[in-house]
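Reviewing the structure listed below.
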Amino acid sequence: MLIWIPHFRQQKLLIAEEAGVRRQTNLELFNERLAVLEKEFHEELLDEAEFNALKKELEISLLQDIKQASDDSLVNSIKPKTILWPSMMSICLVAISGYMYQHLGNFQNIGNVESANPRAGMDAAQIMAQRVQMMEAQVKAEPENSQAWFTLGHAYVSANQYDKAIAAFDKVIALVGKQAELLGPKATAMYYKAGQQMTPQIQAIIDESLAMDAQDPSTLLLVGMDAFFAADYKKAIASWQAILDSDRTDVDRTALMNAIETANLRMQSETAGMPDDDAHKQVKASSVKSVNITISIAAELAAKASPEDTIFIFARATEGPKVPLAATKVSAESLPITVTLDDSSGMSGDTKLSDAANVEVIAVLSKHGNIKPQTGDIQGKINTVAVGSSASLVLDTQVQ
């Protein structure tokens, strides 16, 4: 249509143009002759009768010329274009369209087209590894970009690459100098590297950071988290509340308030006892996104357990930061026992056990009332268990 319709329209326009040329030429000749007759009439070279007769003869001649099929006075006639060019163009168009349909628009290859999403089919660890690679490329291209190094440090923490995270934060400090907002993340990376143990070196960095800024969120978060794991709920609440009182806009206030509420509940349970009533157990058991863990102690270590000992059980994600997602505690005198970990025993509002696919479960029979393993404590571990399933955990390792 794009080729042939314009071609035929052009043919009609050419014919119309040729007919128009004839009429225009005849009218010009008629006007010239009429002007000559009128001049001769005004000069009295012709009388009125002769003028009228010649004028009538001229008009009859004009009508005859207009009706004439061809105009012999036109030396160059306009020739219409042949159909050669539109024919060739049509053949080329059909050939190109057929080729493109066969090779580019082949519907049979639709199933072989790669997904537009470059992360399709990747798990969380692969996505994180890709993110780290992208950030590493950025700092390689811009080695003096402190913000890029800072972001890379946090990515290393999420990928459990704590040595690299510490090095990245040190690089930022070298570029911009020591600041509380840099010392806090560095201390956090060191804390995770040490297996969530508060070492003198980490404590020194925390003290230095708080001396610079007593309300630094990253440092206070670490202080509160360590206090929570140590069952020092008052200190944890005080640390997190200090962040809320600072009126900072770059913190997740909802998560902090949920964490404070959880710590308050744990603190109340210290005096009221753990909620082991039947109603609470039924609520936990009804949760699909939970993990049921049957805890027992190895026979060779059973004699070393005392009824006054406390067993701390917590689950943390197998991918990403090793942050506890749920935790509870029971008395050692109740062994063997089955406990349920779910969102109701969560540690904070932004990380939930129900959001994880698999978790690792650690149990510590503590003789010191501390969740952190110490010399003489007995611990056990399940490397991975699917959320929504059950597993057995044996306390089989004495901490030296």
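By convention in this document, the chains of the structure tokens carry letters A, B, ... by their order, each chain's residues are numbered from 1, and ligands are numbered from 1 in the order they are shown.
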Write out as a list of chain:residue names which residues come within 8 Å of region 177-188 of chain A when counting only C-alpha atoms, dropping same-chain ones fewer than 4 positions away. A:His154, A:Ala165, A:Ile166, A:Phe169, A:Asp170, A:Val172, A:Ile173, A:Tyr192, A:Ile202, A:Ile205, A:Ile206, A:Glu208, A:Ser209, A:Leu210, A:Met212, A:Asp213, A:Asp216, A:Pro217, A:Ser218, A:Thr219, A:Leu222
Would you list, as JSON, numbers by chain, the residues of region 188-383 of chain A that end up in alpha helix (DSSP H) under DSSP run on this structure's backbone? {"A": [188, 189, 190, 191, 192, 193, 200, 201, 202, 203, 204, 205, 206, 207, 208, 209, 210, 211, 212, 217, 218, 219, 220, 221, 222, 223, 224, 225, 226, 227, 228, 229, 233, 234, 235, 236, 237, 238, 239, 240, 241, 242, 243, 244, 245, 253, 254, 255, 256, 257, 258, 259, 260, 261, 262, 263, 264, 265, 266, 267, 268, 269, 270, 271, 272, 278, 279, 280, 281, 282, 283, 284, 285]}
Counting only C-alpha atoms, the option among A:Ala357, A:Ile3, A:Ala363, A:Ile371 closest to Ala386 (chain A):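 When distances to Ala386 (chain A) are compared using only C-alpha atoms, the smallest one comes from A:Ala357.
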Would you mind telling me which residue in A:Gln161, A:Asn145, A:Thr310, A:Gln201 lies nearest to Val132 (chain A) when using only C-alpha atoms? A:Gln161
Would you compute the distance between CA of Val361 (chain A) and CA of Thr199 (chain A)? Give it in Å to one decimal. 23.6 Å
One decimal, Å: what's the distance from CA of Lys367 (chain A) over to CA of Leu341 (chain A), could you say? 22.4 Å
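Here CA of Lys289 (chain A) is placed at a distance of 18.2 Å from CA of Ile362 (chain A).
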Just the residues within 7 Å of Val394 (chain A), please, counting only C-alpha atoms, with nothing from its chain fewer than 4 positions along; format it as a ChimeraX atom specification. /A:295-298,380
Counting only C-alpha atoms, which residues of region 357-398 of chain A fall within 8 Å of region 318-333 of chain A, and what is the closest atom pair for each with its distance in Å at one decimal, ordered by chain and rising number, as a Markdown table?
| residue | atom | partner | partner_atom | distance |
| --- | --- | --- | --- | --- |
| A:Asn358 | CA | A:Thr318 | CA | 6.3 |
| A:Val359 | CA | A:Thr318 | CA | 5.1 |
| A:Glu360 | CA | A:Thr318 | CA | 5.9 |
| A:Leu365 | CA | A:Ala332 | CA | 7.2 |
| A:Thr384 | CA | A:Thr318 | CA | 7.0 |
Atoms to include: N, CA and C atoms. Write the selected residues as a PDB file, in the first residue's frame.
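Result written to result-v3.pdb:
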ATOM      1  N   ASN A 358      15.775 -21.184  55.444  1.00  0.00           N
ATOM      2  CA  ASN A 358      16.510 -22.131  56.282  1.00  0.00           C
ATOM      3  C   ASN A 358      17.224 -21.355  57.388  1.00  0.00           C
ATOM      4  N   VAL A 359      17.402 -21.999  58.519  1.00  0.00           N
ATOM      5  CA  VAL A 359      18.106 -21.368  59.639  1.00  0.00           C
ATOM      6  C   VAL A 359      19.043 -22.388  60.268  1.00  0.00           C
ATOM      7  N   GLU A 360      20.036 -21.865  60.974  1.00  0.00           N
ATOM      8  CA  GLU A 360      20.862 -22.722  61.816  1.00  0.00           C
ATOM      9  C   GLU A 360      20.435 -22.491  63.260  1.00  0.00           C
ATOM     10  N   LEU A 365      23.895 -24.687  76.882  1.00  0.00           N
ATOM     11  CA  LEU A 365      23.565 -24.966  78.281  1.00  0.00           C
ATOM     12  C   LEU A 365      24.557 -24.155  79.108  1.00  0.00           C
ATOM     13  N   THR A 384      21.712 -26.530  59.487  1.00  0.00           N
ATOM     14  CA  THR A 384      20.614 -25.987  58.689  1.00  0.00           C
ATOM     15  C   THR A 384      19.350 -26.807  58.900  1.00  0.00           C
TER      16      THR A 384
END
Residues at most 12 Å from Lys56 (chain A), counting only C-alpha atoms, excluding those fewer than 6 positions away in the same chain, as a ChimeraX atom specification? /A:30,33-34,37,49-50,62-63
Generate the output file for the selected residues, all heavy atoms, as an mmCIF file, in the first residue's frame.
data_model
loop_
_atom_site.group_PDB
_atom_site.id
_atom_site.type_symbol
_atom_site.label_atom_id
_atom_site.label_comp_id
_atom_site.auth_asym_id
_atom_site.auth_seq_id
_atom_site.Cartn_x
_atom_site.Cartn_y
_atom_site.Cartn_z
ATOM 1 N N PHE A 30 -5.877 32.694 -26.157
ATOM 2 C CA PHE A 30 -7.160 33.371 -26.381
ATOM 3 C C PHE A 30 -7.106 34.813 -25.880
ATOM 4 O O PHE A 30 -7.553 35.752 -26.581
ATOM 5 C CB PHE A 30 -8.268 32.595 -25.648
ATOM 6 C CG PHE A 30 -9.595 33.308 -25.643
ATOM 7 C CD1 PHE A 30 -10.426 33.302 -26.768
ATOM 8 C CD2 PHE A 30 -10.011 34.011 -24.509
ATOM 9 C CE1 PHE A 30 -11.646 33.971 -26.747
ATOM 10 C CE2 PHE A 30 -11.215 34.674 -24.493
ATOM 11 C CZ PHE A 30 -12.049 34.656 -25.624
ATOM 12 N N ARG A 33 -4.981 37.075 -28.276
ATOM 13 C CA ARG A 33 -5.677 37.423 -29.519
ATOM 14 C C ARG A 33 -6.827 38.406 -29.263
ATOM 15 O O ARG A 33 -7.059 39.324 -30.037
ATOM 16 C CB ARG A 33 -6.214 36.158 -30.194
ATOM 17 C CG ARG A 33 -5.103 35.248 -30.700
ATOM 18 C CD ARG A 33 -5.665 33.928 -31.191
ATOM 19 N NE ARG A 33 -4.607 33.008 -31.614
ATOM 20 C CZ ARG A 33 -4.804 31.742 -31.956
ATOM 21 N NH1 ARG A 33 -6.061 31.251 -31.922
ATOM 22 N NH2 ARG A 33 -3.794 30.989 -32.333
ATOM 23 N N LEU A 34 -7.520 38.178 -28.140
ATOM 24 C CA LEU A 34 -8.630 39.080 -27.813
ATOM 25 C C LEU A 34 -8.098 40.487 -27.528
ATOM 26 O O LEU A 34 -8.713 41.502 -27.924
ATOM 27 C CB LEU A 34 -9.387 38.538 -26.600
ATOM 28 C CG LEU A 34 -10.585 39.368 -26.126
ATOM 29 C CD1 LEU A 34 -11.632 39.483 -27.266
ATOM 30 C CD2 LEU A 34 -11.219 38.758 -24.875
ATOM 31 N N LEU A 37 -7.480 42.181 -30.861
ATOM 32 C CA LEU A 37 -8.731 42.614 -31.497
ATOM 33 C C LEU A 37 -9.271 43.872 -30.827
ATOM 34 O O LEU A 37 -9.763 44.797 -31.512
ATOM 35 C CB LEU A 37 -9.765 41.479 -31.430
ATOM 36 C CG LEU A 37 -9.491 40.246 -32.325
ATOM 37 C CD1 LEU A 37 -10.581 39.179 -32.107
ATOM 38 C CD2 LEU A 37 -9.447 40.636 -33.816
ATOM 39 N N ALA A 49 -19.028 45.529 -36.178
ATOM 40 C CA ALA A 49 -19.502 44.273 -36.770
ATOM 41 C C ALA A 49 -18.344 43.329 -37.001
ATOM 42 O O ALA A 49 -18.418 42.124 -36.709
ATOM 43 C CB ALA A 49 -20.235 44.560 -38.094
ATOM 44 N N GLU A 50 -17.213 43.886 -37.515
ATOM 45 C CA GLU A 50 -16.043 43.045 -37.740
ATOM 46 C C GLU A 50 -15.476 42.549 -36.398
ATOM 47 O O GLU A 50 -15.054 41.384 -36.278
ATOM 48 C CB GLU A 50 -14.975 43.846 -38.487
ATOM 49 C CG GLU A 50 -15.365 44.141 -39.941
ATOM 50 C CD GLU A 50 -14.356 45.037 -40.627
ATOM 51 O OE1 GLU A 50 -13.666 45.813 -39.914
ATOM 52 O OE2 GLU A 50 -14.237 44.937 -41.846
ATOM 53 N N LEU A 62 -11.492 28.638 -29.222
ATOM 54 C CA LEU A 62 -11.061 28.257 -27.864
ATOM 55 C C LEU A 62 -11.799 27.008 -27.389
ATOM 56 O O LEU A 62 -11.211 26.093 -26.828
ATOM 57 C CB LEU A 62 -11.312 29.416 -26.893
ATOM 58 C CG LEU A 62 -11.039 29.127 -25.406
ATOM 59 C CD1 LEU A 62 -9.581 28.757 -25.196
ATOM 60 C CD2 LEU A 62 -11.432 30.318 -24.550
ATOM 61 N N LEU A 63 -13.108 26.962 -27.633
ATOM 62 C CA LEU A 63 -13.895 25.788 -27.224
ATOM 63 C C LEU A 63 -13.433 24.538 -27.938
ATOM 64 O O LEU A 63 -13.363 23.452 -27.342
ATOM 65 C CB LEU A 63 -15.381 26.036 -27.490
ATOM 66 C CG LEU A 63 -16.051 27.111 -26.618
ATOM 67 C CD1 LEU A 63 -17.481 27.349 -27.099
ATOM 68 C CD2 LEU A 63 -16.036 26.710 -25.159
#
